[in-house]
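Take a look at the structure below.
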Amino acid sequence: MINIKDLTLTELESFIIELGEKKFRGAQIFSWLSKGIYSFDEMTNIPKNLKAKLKDTAYIENIICEAVFSSSEGETKKYLFKLYDHHLIESVYMRYHYGNSVCISSQVGCSMGCSFCASTIGGLKRNLSAAEMIEQLLKIQKDINERISHVVIMGSGEPFENYDALLKFLRIIHTEEGLHLSYRNITVSTCGIIPKIIDFAHQMPQVTLAISLHAPNNSIRDSLMAVNKKYPLDKLLKACKEYIDLTNRRITFEYSLIQGVNDSEENAAELGSLLKNMLCHVNLIPLNKIEENELNGSDRIKAERFKQILEKYRINATIRRELGSDIEAACGQLRRRYSKKTGDMKQKLNEQLTMKNE
Ligand code: SF4
C-alpha cells in the first residue's frame, strides 16, 4: 500500500497514470489531502471507480492528537501527537503579529546528544516520514481554524539527518495545488551537518537556514554539542560562508545563553569577531531549563549586555521572546513523552483539550 500523503504532486500524478487514470486527477487528490481529508469517499470530485482503485492501493496517513496545552501568555500551544506505531512527538503553535507559525518535529527523538536539549534524552527512535511532518501542520491548522503561514523545522530531531523526507515535506507544503506555503516563510534549523548545508543551498535556496551555534569557540561547543567533534566551528563557518555565497541569503545563528558557560562579555566579543562581516542574524535565547541537567539560562541583564557587544561588531542580534516555557514548549524542551511538568498539567488543563481527532 502506498502512503499517498507522502507523495509530491509529480509523484502522485505518476501514480494516478499508473492506475490508468488521467493526470489531472492527481492535482485534485493532492488538494483534498492538503485540506486534511482522511477518506477517499470524501473526495467529491473523484469518480467512484478511481476511489475504489485508491482504496485498494493506497492509504492516507493520520496521526492522533493526544493532548493540547495552552501557554499562560495565550500565544503558544503545544501538541502531543501519537504516531501509527505509538511513538509520541510534540509540535508547537505560536501566534505572532505576522501570522501563525508552527514548529515541526522531524524525528522521533534525536541522536545528536546536545547537552542542553530534552529531545535527545533516550536517543533517536526513528525518522518521521514527510506525511507525518505534514500531518503535524494539518492537525494544528485544523485546531486553530486559521491558516498556518510560517513553518520552522526546529522541533525534535536533526532535520538534515532525515534529509530526503525533509526535502519532500518542503516541496509538498510549497506546492500551489496544496498548502502553498512560501519558501521564504519556512526555516530549517540544523546543528551543523556540513555536507547537507551546501546541498541545501542548491536544493532550497529560498528557505531560511538556521544554525544552532551556541558557542564562540571549539572548546565550549565541544562541551555542549557532540556534533562539533565531527564538524568543528571553523569548518562549519566556512560552510556557512559558502552557503551565503551560493544563496545570497542571510543565515540565522541560534545561540542559547547558558549561565556561566557561554554568556560572558569575552564570549560575546569572541562571537562578534567570529561572525563579523557575515550576512547573518543572531538569535539569543536564554536557555530554557530542563529537569535532567544543571544548566540554567542567563538573566535579562546578561543577555542585553551580550547583545550590545555583538552590535559593536555590527552584528544584528535579537533576544528571543520566551514563548511557551511554562508548558515546556520552548526551544530544547520538546520530548517524545509527557514530561513530569506536562503530565501534571495534563490533569489541570484537561479541559483545554480542544482538538477533535479524525
Ligand atoms: S538541539 Fe536539535 S540537534 Fe541537538 S539534540 Fe536537540 S533536537 Fe537534536
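By convention in this document, the chains of the C-alpha cells carry letters A, B, ... by their order, each chain's residues are numbered from 1, and ligands are numbered from 1 in the order they are shown.
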Would you mind listing, for every residue of chain A within 7 Å of ligand 1, the two atoms forming the shortest contact and the distance between them in Å to one decimal, using only C-alpha atoms and all ligand atoms, sorted by chain and ascending residue number, as a tab-separated table?
```
residue	atom	partner	partner_atom_place_in_ligand_line	distance
A:Cys110	CA	ligand 1	8 (Fe)	4.7
A:Ser111	CA	ligand 1	8 (Fe)	6.4
A:Met112	CA	ligand 1	5 (S)	4.7
A:Gly113	CA	ligand 1	5 (S)	4.7
A:Cys114	CA	ligand 1	5 (S)	4.2
A:Cys117	CA	ligand 1	6 (Fe)	4.6
A:Ala118	CA	ligand 1	6 (Fe)	6.5
A:Ser119	CA	ligand 1	6 (Fe)	5.1
A:Thr120	CA	ligand 1	5 (S)	4.5
A:Met154	CA	ligand 1	2 (Fe)	7.0
A:Gly155	CA	ligand 1	7 (S)	6.3
A:Ser156	CA	ligand 1	7 (S)	4.5
A:Gly157	CA	ligand 1	7 (S)	4.2
A:Glu158	CA	ligand 1	3 (S)	4.6
A:Thr190	CA	ligand 1	3 (S)	6.5
A:Cys191	CA	ligand 1	3 (S)	5.1
A:Met225	CA	ligand 1	4 (Fe)	6.9
A:Gly332	CA	ligand 1	6 (Fe)	5.7
```
May I have the residues from that selection written out with N, CA and C atoms, as an mmCIF file, in the first residue's frame?
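Below is the file again.cif, written as the result:
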```
data_model
loop_
_atom_site.group_PDB
_atom_site.id
_atom_site.type_symbol
_atom_site.label_atom_id
_atom_site.label_comp_id
_atom_site.auth_asym_id
_atom_site.auth_seq_id
_atom_site.Cartn_x
_atom_site.Cartn_y
_atom_site.Cartn_z
ATOM 1 N N CYS A 110 16.185 12.189 19.029
ATOM 2 C CA CYS A 110 17.301 12.751 18.255
ATOM 3 C C CYS A 110 18.589 12.049 18.691
ATOM 4 N N SER A 111 19.481 11.841 17.724
ATOM 5 C CA SER A 111 20.727 11.128 18.050
ATOM 6 C C SER A 111 21.881 12.085 18.335
ATOM 7 N N MET A 112 21.646 13.388 18.258
ATOM 8 C CA MET A 112 22.780 14.313 18.239
ATOM 9 C C MET A 112 23.367 14.613 19.617
ATOM 10 N N GLY A 113 22.596 14.385 20.675
ATOM 11 C CA GLY A 113 23.165 14.443 22.023
ATOM 12 C C GLY A 113 23.562 15.816 22.545
ATOM 13 N N CYS A 114 22.935 16.890 22.072
ATOM 14 C CA CYS A 114 23.260 18.224 22.626
ATOM 15 C C CYS A 114 22.887 18.242 24.110
ATOM 16 N N CYS A 117 19.484 19.784 25.642
ATOM 17 C CA CYS A 117 18.234 19.582 24.895
ATOM 18 C C CYS A 117 17.481 18.337 25.360
ATOM 19 N N ALA A 118 16.198 18.498 25.610
ATOM 20 C CA ALA A 118 15.374 17.382 26.090
ATOM 21 C C ALA A 118 15.075 16.364 24.989
ATOM 22 N N SER A 119 15.111 16.811 23.744
ATOM 23 C CA SER A 119 14.695 15.929 22.642
ATOM 24 C C SER A 119 15.608 14.725 22.467
ATOM 25 N N THR A 120 16.835 14.855 22.898
ATOM 26 C CA THR A 120 17.826 13.803 22.648
ATOM 27 C C THR A 120 17.912 12.782 23.782
ATOM 28 N N MET A 154 12.229 22.864 13.746
ATOM 29 C CA MET A 154 13.119 23.137 14.879
ATOM 30 C C MET A 154 12.652 22.349 16.102
ATOM 31 N N GLY A 155 11.743 21.382 15.876
ATOM 32 C CA GLY A 155 11.268 20.565 16.996
ATOM 33 C C GLY A 155 12.242 19.431 17.273
ATOM 34 N N SER A 156 11.729 18.283 17.713
ATOM 35 C CA SER A 156 12.622 17.155 17.976
ATOM 36 C C SER A 156 13.274 16.696 16.683
ATOM 37 N N GLY A 157 14.560 16.369 16.792
ATOM 38 C CA GLY A 157 15.238 15.781 15.643
ATOM 39 C C GLY A 157 16.161 16.743 14.928
ATOM 40 N N GLU A 158 17.100 16.159 14.195
ATOM 41 C CA GLU A 158 18.007 16.928 13.341
ATOM 42 C C GLU A 158 17.499 16.746 11.908
ATOM 43 N N THR A 190 19.547 23.455 11.728
ATOM 44 C CA THR A 190 20.464 22.309 11.852
ATOM 45 C C THR A 190 21.526 22.599 12.908
ATOM 46 N N CYS A 191 22.022 21.510 13.503
ATOM 47 C CA CYS A 191 23.112 21.683 14.470
ATOM 48 C C CYS A 191 24.456 21.784 13.745
ATOM 49 N N MET A 225 27.849 20.325 22.365
ATOM 50 C CA MET A 225 27.291 19.694 21.165
ATOM 51 C C MET A 225 28.273 18.663 20.600
ATOM 52 N N GLY A 332 14.410 23.455 22.772
ATOM 53 C CA GLY A 332 15.185 22.492 23.564
ATOM 54 C C GLY A 332 14.367 21.740 24.591
#
```
Notebook entry, point to check: Residues at most 9 Å from Asn218 (chain A), counting only C-alpha atoms, excluding those fewer than 3 positions away in the same chain, as a ChimeraX atom specification?
Noted result: /A:215,221-223,228-229,232-234
Can you build me a table of region 174-293 of chain A residues sitting at most 12 Å from region 95-104 of chain A, with the closest atom pair per residue and its distance in Å to one decimal, using only C-alpha atoms, sorted by chain and residue number, as CSV?
```
residue,atom,partner,partner_atom,distance
A:Leu181,CA,A:Ser101,CA,11.3
A:Asn185,CA,A:Ser101,CA,9.1
A:Ile186,CA,A:Ser101,CA,9.4
A:Thr187,CA,A:Cys103,CA,9.4
A:Val188,CA,A:Ile104,CA,9.8
A:Ser189,CA,A:Cys103,CA,10.5
```
Expected file contents, prior selection, C-alpha atoms, as a PDB file, in the first residue's frame:
```
ATOM      1  CA  LEU A 181       3.421  27.959   1.757  1.00  0.00           C
ATOM      2  CA  ASN A 185       8.263  31.664   5.332  1.00  0.00           C
ATOM      3  CA  ILE A 186       9.997  28.384   6.137  1.00  0.00           C
ATOM      4  CA  THR A 187      13.059  27.975   8.364  1.00  0.00           C
ATOM      5  CA  VAL A 188      15.093  24.794   8.728  1.00  0.00           C
ATOM      6  CA  SER A 189      17.391  24.537  11.727  1.00  0.00           C
TER       7      SER A 189
END
```
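The list of residues with at least one atom within 7 Å of Thr8 (chain A), based on only C-alpha atoms and without residues fewer than 6 positions apart in the same chain, reads Lys168, Arg171 and Ile172 of chain A.
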note - CA of His150 (chain A) and CA of Ala210 (chain A) are separated by 14.4 Å
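If you measure from each of A:Ile211, A:Leu128, A:Ile173, A:Cys65 to Ser149 (chain A) using only C-alpha atoms, the closest one turns out to be A:Ile173.
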Show me, as a ChimeraX atom specification, the residues that have an atom within 9 Å of Ile63 (chain A) when counting only C-alpha atoms, minus same-chain residues fewer than 3 positions from it.
/A:81-84,132,135-136,139,357-358
I'd like to know which residues of region 129-336 of chain A are strand (DSSP E) (by DSSP, run on the backbone); could you write them as a short mmCIF file (atom, residue, chain, number, x, y, z; two decimals) with N, CA and C atoms, in the first residue's frame?
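This went into selection04.cif:
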```
data_model
loop_
_atom_site.label_atom_id
_atom_site.label_comp_id
_atom_site.auth_asym_id
_atom_site.auth_seq_id
_atom_site.Cartn_x
_atom_site.Cartn_y
_atom_site.Cartn_z
N HIS A 150 3.62 30.24 8.52
CA HIS A 150 5.07 30.09 8.73
C HIS A 150 5.36 28.72 9.36
N VAL A 151 6.44 28.11 8.90
CA VAL A 151 6.84 26.81 9.45
C VAL A 151 8.31 26.85 9.83
N VAL A 152 8.63 26.38 11.02
CA VAL A 152 10.03 26.18 11.39
C VAL A 152 10.23 24.71 11.70
N ILE A 153 11.29 24.14 11.17
CA ILE A 153 11.60 22.73 11.47
C ILE A 153 12.70 22.78 12.52
N ILE A 186 9.61 29.66 5.52
CA ILE A 186 10.00 28.38 6.14
C ILE A 186 11.45 28.48 6.61
N THR A 187 11.70 28.00 7.82
CA THR A 187 13.06 27.97 8.36
C THR A 187 13.42 26.55 8.76
N VAL A 188 14.58 26.11 8.32
CA VAL A 188 15.09 24.79 8.73
C VAL A 188 16.31 25.02 9.62
N SER A 189 16.30 24.35 10.77
CA SER A 189 17.39 24.54 11.73
C SER A 189 18.25 23.27 11.83
N THR A 190 19.55 23.45 11.73
CA THR A 190 20.46 22.31 11.85
C THR A 190 21.53 22.60 12.91
N THR A 208 14.89 29.68 4.64
CA THR A 208 15.85 30.25 5.60
C THR A 208 16.57 29.14 6.35
N LEU A 209 17.87 29.30 6.48
CA LEU A 209 18.67 28.31 7.22
C LEU A 209 19.05 28.89 8.58
N ALA A 210 18.80 28.10 9.62
CA ALA A 210 19.23 28.49 10.97
C ALA A 210 20.26 27.47 11.44
N ILE A 211 21.30 27.97 12.06
CA ILE A 211 22.36 27.09 12.58
C ILE A 211 22.36 27.20 14.10
N SER A 212 22.28 26.04 14.77
CA SER A 212 22.41 26.03 16.23
C SER A 212 23.88 26.16 16.56
N ILE A 251 21.95 34.02 7.05
CA ILE A 251 21.84 32.86 7.94
C ILE A 251 21.45 33.34 9.33
N THR A 252 20.60 32.57 9.99
CA THR A 252 20.29 32.85 11.40
C THR A 252 21.14 31.93 12.27
N PHE A 253 21.83 32.50 13.22
CA PHE A 253 22.55 31.69 14.20
C PHE A 253 21.77 31.70 15.51
N GLU A 254 21.45 30.49 15.99
CA GLU A 254 20.77 30.35 17.28
C GLU A 254 21.84 30.23 18.36
N TYR A 255 21.71 31.02 19.40
CA TYR A 255 22.71 31.00 20.47
C TYR A 255 21.97 30.97 21.80
N SER A 256 21.94 29.78 22.44
CA SER A 256 21.31 29.67 23.76
C SER A 256 22.28 30.22 24.80
N LEU A 257 21.81 31.19 25.57
CA LEU A 257 22.67 31.79 26.60
C LEU A 257 22.58 30.97 27.88
N CYS A 280 24.39 37.75 8.43
CA CYS A 280 23.78 36.86 9.42
C CYS A 280 22.98 37.63 10.46
N HIS A 281 22.24 36.88 11.21
CA HIS A 281 21.47 37.40 12.33
C HIS A 281 21.67 36.45 13.50
N VAL A 282 21.80 36.98 14.69
CA VAL A 282 21.98 36.10 15.85
C VAL A 282 20.74 36.18 16.73
N ASN A 283 20.16 35.01 16.99
CA ASN A 283 19.03 34.90 17.91
C ASN A 283 19.56 34.48 19.26
N LEU A 284 19.48 35.35 20.23
CA LEU A 284 19.94 34.99 21.58
C LEU A 284 18.75 34.47 22.37
N ILE A 285 18.91 33.27 22.91
CA ILE A 285 17.79 32.63 23.60
C ILE A 285 18.25 32.22 25.00
N PRO A 286 17.88 32.96 26.03
CA PRO A 286 18.23 32.49 27.37
C PRO A 286 17.74 31.05 27.53
N ASN A 316 23.66 41.99 13.70
CA ASN A 316 22.26 42.07 14.10
C ASN A 316 21.96 40.98 15.10
N ALA A 317 21.39 41.35 16.22
CA ALA A 317 21.06 40.33 17.22
C ALA A 317 19.75 40.68 17.90
N THR A 318 18.98 39.66 18.20
CA THR A 318 17.76 39.88 18.99
C THR A 318 17.73 38.87 20.13
N ILE A 319 17.08 39.29 21.20
CA ILE A 319 16.86 38.36 22.31
C ILE A 319 15.46 37.82 22.10
#
```
Show which residues sit within 10 Å of Leu50 (chain A), as a PyMOL selection string. Count only C-alpha atoms, and ignore same-chain residues fewer than 6 positions away.
chain A and resi 16+19-21+25+40+56
Those same residues - C-alpha atoms - I'd like them written as a PDB file, in the first residue's frame.
```pdb
ATOM      1  CA  ILE A  16      -2.594   8.081 -10.930  1.00  0.00           C
ATOM      2  CA  LEU A  19      -3.702   3.364 -12.213  1.00  0.00           C
ATOM      3  CA  GLY A  20      -4.895   4.072 -15.755  1.00  0.00           C
ATOM      4  CA  GLU A  21      -6.442   7.456 -14.953  1.00  0.00           C
ATOM      5  CA  ARG A  25      -6.859  13.677 -11.062  1.00  0.00           C
ATOM      6  CA  PHE A  40     -11.206   8.790  -0.340  1.00  0.00           C
ATOM      7  CA  ASP A  56      -7.133  -0.970  -2.974  1.00  0.00           C
TER       8      ASP A  56
END
```
*Can you work out which one of A:Phe169, A:Lys241, A:Leu275, A:Ser115 has the shortest atom-to-atom distance to Ile258 (chain A), counting only C-alpha atoms?*
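Closest to Ile258 (chain A) of all the choices is A:Ser115.
In this comparison, which uses only C-alpha atoms, the residue of A:Glu75, A:Glu266, A:Glu161, A:Glu11 approaching Ser325 (chain A) most closely is A:Glu75.
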So, counting only C-alpha atoms, which residue among A:Leu137, A:Leu33, A:Ala27, A:Met94 is closest to Gly324 (chain A)?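 So, comparing all the options, the nearest one is A:Met94.
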Nearby residues (only C-alpha atoms) at most 9 Å from Asn293 (chain A), same-chain spacing under 3 positions excluded, as a PyMOL selection string: chain A and resi 115-116+289-290+296
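Of the residues under consideration (A:Met1, A:Leu179, A:Ile244, A:Leu138), A:Leu138 shows the shortest atom-to-atom contact distance to Tyr93 (chain A) when counting only C-alpha atoms.
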